[in-house]
Number of protein chains: 2
Amino acid sequence: MSTPPTFKRLPRAVREQQMLDAAVKVFSRRGFHAASMDEIAEDAGISKPMVYAYLGTKEELFVACLHREGTRMTQAIAGAAAPDLPADERLWRGLRAFFGFVGAHRDGWAVLYRQARGEQPFAGELAGMRARLVEVVAGMLDHALRAEGREVGETDLEVVAYALVGATESLADWLADHPEADPEKTATRMMNVAWMGAGQLIHGVTWQPRVGPS
Amino acid sequence: MSTPPTFKRLPRAVREQQMLDAAVKVFSRRGFHAASMDEIAEDAGISKPMVYAYLGTKEELFVACLHREGTRMTQAIAGAAAPDLPADERLWRGLRAFFGFVGAHRDGWAVLYRQARGEQPFAGELAGMRARLVEVVAGMLDHALRAEGREVGETDLEVVAYALVGATESLADWLADHPEADPEKTATRMMNVAWMGAGQLIHGVTWQPRVGPS
DNA sequence: GCGTAACCTTACGGGCGAGTAGGTATGCTC
DNA sequence: GAGCATACCTACTCGCCCGTAAGGTTACGC
């Protein structure tokens, strides 16, 4: 009527982002199968055929969500961990970035990520992302080990890295389920259990971030 | 014809177990949604209405699977960890029992468990199981802490326990995906990272099971 | 101002699979 | 060996939701 509201025609790039936003939201809330393309379209303020025209089928749409969120996360972490720092400092910065990211995207990322674990078509996609992460962590451990003049079998390295990544993912889930929790504090706790181990924690030995300008 | 084969009429209890076996198998292979009741029925060597008559709807059937497998696992672990042992020994025995169980039910349990994480209807069911596990681990840590004359906030305890459980679940996934891997060895690795932490491992300090009669 | 391309819609086809109606055979009790 | 409960089947209904066909409208170049 008076002011042509948000119902304007928008360029493709913008619509695509709106659709992805809506898709992440709905997939997170409902799960992949329970989510309907109609609901996603409606939530994006657009009609269904547009979604198909721009982002393709439901599976492709989900993969697109996964990619976007995954890339965002990867970059958030990559920007935090400089490779020339000592191992514990790198780990700490990586964890802080990771939990910060999850904390900021609670209902977006973590739930979406949970979805992908079960469904065959995406398990591979996700496994790839995780594999890269595991590789990074394993590389970090390997680097630290060599600096100590030690060496360890590749499988051992991989498994330890896998366990650390798994623990971190679990705490991300925990964080996503506890809206009041503080990402920074969660990162500290994770760092403690990862770096010190339960045995040390029981004896009161804890890990502390170095003080001073972060 | 000549010999009435396996097509005999069987008592309800037997059929129910056969159905559950088939359901676990099919759910694991396909995922909850992709699995069809027809396929489950066929795999159980029975017709679909029987499944509905005995185990109810698809969701109820899945929950029944979850319960059976969960109970089996819980008992396998409970039988291993006597409460009057030192903390690390309890943890070690629990882990060994757990990975032994997963190793023996690779394509049964771990994949079924993965399925349940994503789907809303079962997330609660699973969260309950996990919550009990976390509580047990937290209780163990608390016990060990008190023995040291120390005390720690409840949330801290819960989060550490959560991280340990998460790491363990992740390695269970890893184990399920690596048929050649040895459950016992995986348990040892998990014990190392859980008890000693990455910091110690890097310096060559590892955890070793006590020798002698297991 | 007119063609053309990009944006956007309403309205439908069609498949798949959960759940059921209604009926048949078999064993068990007395 | 009649009666009854339980095991078991074939063959359907029906709703949901993915994906699309066919057409309307706004912007933009020239």
# chains A, B, ... in the order shown; residues from 1 in each chain; ligands from 1
>>> interface_residues(of="chain A", to="chain C", cutoff="8 Å", atoms="only C-alpha atoms (C1' of nucleotides)", output="MDAnalysis selection string")
chainID A and resid 9:10 47 50
>>> write_last_selection(atoms="N, CA and C atoms", output="tab-separated table (two decimals), in the first residue's frame")
chain	number	residue	atom	x	y	z
A	9	ARG	N	11.01	-7.66	-4.37
A	9	ARG	CA	11.80	-8.65	-5.09
A	9	ARG	C	13.25	-8.49	-4.72
A	10	LEU	N	13.86	-9.57	-4.44
A	10	LEU	CA	15.24	-9.48	-3.96
A	10	LEU	C	16.15	-10.31	-4.85
A	47	SER	N	7.93	-18.82	-1.54
A	47	SER	CA	7.16	-20.02	-1.85
A	47	SER	C	8.10	-21.16	-2.24
A	50	MET	N	10.60	-21.68	-5.26
A	50	MET	CA	11.82	-20.87	-5.25
A	50	MET	C	12.96	-21.61	-4.56
>>> closest_atom_pairs(of="chain D", to="chain B", cutoff="8 Å", atoms="only C-alpha atoms (C1' of nucleotides)", output="Markdown table")
| residue | atom | partner | partner_atom | distance |
| --- | --- | --- | --- | --- |
| D:DA7 | C1' | B:Arg9 | CA | 6.4 |
| D:DC8 | C1' | B:Met50 | CA | 7.4 |
| D:DC9 | C1' | B:Ser47 | CA | 7.2 |
>>> write_last_selection(atoms="C-alpha atoms (C1' of nucleotides)", output="PDB file, in the first residue's frame")
ATOM      1  C1'  DA D   7      -0.728 -67.203  16.301  1.00  0.00           C
ATOM      2  C1'  DC D   8      -0.766 -65.703  11.725  1.00  0.00           C
ATOM      3  C1'  DC D   9      -1.955 -63.917   6.889  1.00  0.00           C
TER       4       DC D   9
END
>>> residues_around(residues="region 81-87 of chain A", least_positions_apart="3", cutoff="8 Å", atoms="only C-alpha atoms (C1' of nucleotides)", output="VMD selection string")
chain A and resid 77 to 78 90 to 91 93 to 94 140 to 141 144
>>> interface_residues(of="chain B", to="chain A", cutoff="9 Å", atoms="only C-alpha atoms", output="number ranges by chain")
B: 29-34, 87-88, 111-120, 141-142, 144-145, 148, 150, 156, 159-160, 162-171, 174, 186, 189-190, 192-204
>>> write_last_selection(atoms="C-alpha atoms", output="PDB file, in the first residue's frame")
ATOM      1  CA  ARG B  29      21.513 -50.384   8.530  1.00  0.00           C
ATOM      2  CA  ARG B  30      18.979 -47.894   7.228  1.00  0.00           C
ATOM      3  CA  GLY B  31      18.338 -45.392   9.967  1.00  0.00           C
ATOM      4  CA  PHE B  32      15.002 -44.898  11.691  1.00  0.00           C
ATOM      5  CA  HIS B  33      13.124 -43.199   8.897  1.00  0.00           C
ATOM      6  CA  ALA B  34      14.518 -45.085   5.957  1.00  0.00           C
ATOM      7  CA  ALA B  87      38.716 -44.661  41.181  1.00  0.00           C
ATOM      8  CA  ASP B  88      41.086 -45.432  38.356  1.00  0.00           C
ATOM      9  CA  VAL B 111      24.686 -47.407  15.040  1.00  0.00           C
ATOM     10  CA  LEU B 112      21.357 -47.701  16.759  1.00  0.00           C
ATOM     11  CA  TYR B 113      22.658 -45.334  19.396  1.00  0.00           C
ATOM     12  CA  ARG B 114      23.787 -42.881  16.754  1.00  0.00           C
ATOM     13  CA  GLN B 115      20.312 -42.865  15.252  1.00  0.00           C
ATOM     14  CA  ALA B 116      18.651 -41.889  18.467  1.00  0.00           C
ATOM     15  CA  ARG B 117      20.691 -38.745  18.973  1.00  0.00           C
ATOM     16  CA  GLY B 118      19.039 -36.826  16.191  1.00  0.00           C
ATOM     17  CA  GLU B 119      15.393 -37.763  16.367  1.00  0.00           C
ATOM     18  CA  GLN B 120      13.315 -35.702  18.767  1.00  0.00           C
ATOM     19  CA  LEU B 141      34.811 -38.603  40.773  1.00  0.00           C
ATOM     20  CA  ASP B 142      33.097 -37.089  43.776  1.00  0.00           C
ATOM     21  CA  ALA B 144      37.589 -39.940  44.857  1.00  0.00           C
ATOM     22  CA  LEU B 145      37.668 -36.216  45.564  1.00  0.00           C
ATOM     23  CA  GLU B 148      41.414 -36.577  48.989  1.00  0.00           C
ATOM     24  CA  ARG B 150      38.688 -31.962  48.402  1.00  0.00           C
ATOM     25  CA  ASP B 156      32.057 -28.795  37.411  1.00  0.00           C
ATOM     26  CA  VAL B 159      30.647 -31.238  33.023  1.00  0.00           C
ATOM     27  CA  VAL B 160      33.818 -33.252  33.497  1.00  0.00           C
ATOM     28  CA  TYR B 162      29.894 -35.343  30.556  1.00  0.00           C
ATOM     29  CA  ALA B 163      33.124 -34.796  28.678  1.00  0.00           C
ATOM     30  CA  LEU B 164      34.415 -38.213  29.661  1.00  0.00           C
ATOM     31  CA  VAL B 165      31.209 -39.910  28.627  1.00  0.00           C
ATOM     32  CA  GLY B 166      31.237 -37.986  25.361  1.00  0.00           C
ATOM     33  CA  ALA B 167      34.788 -38.980  24.584  1.00  0.00           C
ATOM     34  CA  THR B 168      33.922 -42.579  25.325  1.00  0.00           C
ATOM     35  CA  GLU B 169      30.904 -42.511  23.059  1.00  0.00           C
ATOM     36  CA  SER B 170      33.016 -41.061  20.303  1.00  0.00           C
ATOM     37  CA  LEU B 171      35.554 -43.819  20.592  1.00  0.00           C
ATOM     38  CA  TRP B 174      35.258 -45.083  16.059  1.00  0.00           C
ATOM     39  CA  THR B 186      40.701 -48.966  22.531  1.00  0.00           C
ATOM     40  CA  ARG B 189      43.721 -45.592  24.914  1.00  0.00           C
ATOM     41  CA  MET B 190      40.546 -44.094  26.290  1.00  0.00           C
ATOM     42  CA  ASN B 192      44.984 -42.907  29.038  1.00  0.00           C
ATOM     43  CA  VAL B 193      43.448 -39.795  27.632  1.00  0.00           C
ATOM     44  CA  ALA B 194      40.762 -39.710  30.311  1.00  0.00           C
ATOM     45  CA  TRP B 195      42.993 -40.304  33.284  1.00  0.00           C
ATOM     46  CA  MET B 196      46.301 -38.790  32.294  1.00  0.00           C
ATOM     47  CA  GLY B 197      45.247 -36.049  29.870  1.00  0.00           C
ATOM     48  CA  ALA B 198      47.024 -34.896  26.750  1.00  0.00           C
ATOM     49  CA  GLY B 199      49.552 -32.873  28.709  1.00  0.00           C
ATOM     50  CA  GLN B 200      50.942 -35.920  30.476  1.00  0.00           C
ATOM     51  CA  LEU B 201      50.775 -38.128  27.434  1.00  0.00           C
ATOM     52  CA  ILE B 202      52.937 -35.707  25.533  1.00  0.00           C
ATOM     53  CA  HIS B 203      55.572 -36.027  28.228  1.00  0.00           C
ATOM     54  CA  GLY B 204      55.473 -39.778  28.002  1.00  0.00           C
TER      55      GLY B 204
END
>>> closest_residue(among="A:Val134, A:Thr206, A:Asp38, A:Gly108", to="Tyr52 (chain A)", atoms="only C-alpha atoms")
A:Asp38
>>> atom_distance(atom1="CA of Arg15 (chain B)", atom2="CA of Gly128 (chain B)")
28.1 Å
>>> atom_distance(atom1="CA of Glu39 (chain B)", atom2="CA of Ala123 (chain B)")
24.3 Å
>>> atom_distance(atom1="CA of Ala97 (chain B)", atom2="CA of Ala76 (chain B)")
6.3 Å
>>> residues_around(residues="Leu61 (chain A)", least_positions_apart="4", cutoff="8 Å", atoms="only C-alpha atoms (C1' of nucleotides)", output="list in words")
Leu20, Ala23, Leu55, Gly56, Thr57 and Cys65 of chain A
>>> write_last_selection(atoms="N, CA and C atoms", output="CSV table (one decimal), in the first residue's frame")
chain,number,residue,atom,x,y,z
A,20,LEU,N,18.6,-20.3,3.6
A,20,LEU,CA,19.5,-21.1,4.4
A,20,LEU,C,19.2,-20.8,5.9
A,23,ALA,N,16.2,-22.6,6.7
A,23,ALA,CA,16.4,-24.1,6.7
A,23,ALA,C,17.1,-24.5,8.0
A,55,LEU,N,18.1,-23.8,-4.3
A,55,LEU,CA,19.0,-24.6,-3.6
A,55,LEU,C,18.8,-26.1,-3.9
A,56,GLY,N,17.9,-26.5,-4.8
A,56,GLY,CA,17.7,-27.9,-5.1
A,56,GLY,C,16.9,-28.7,-4.1
A,57,THR,N,17.1,-30.0,-4.2
A,57,THR,CA,16.2,-30.9,-3.4
A,57,THR,C,16.5,-30.7,-1.9
A,65,CYS,N,23.2,-26.3,4.1
A,65,CYS,CA,23.3,-25.8,5.4
A,65,CYS,C,24.5,-26.2,6.1
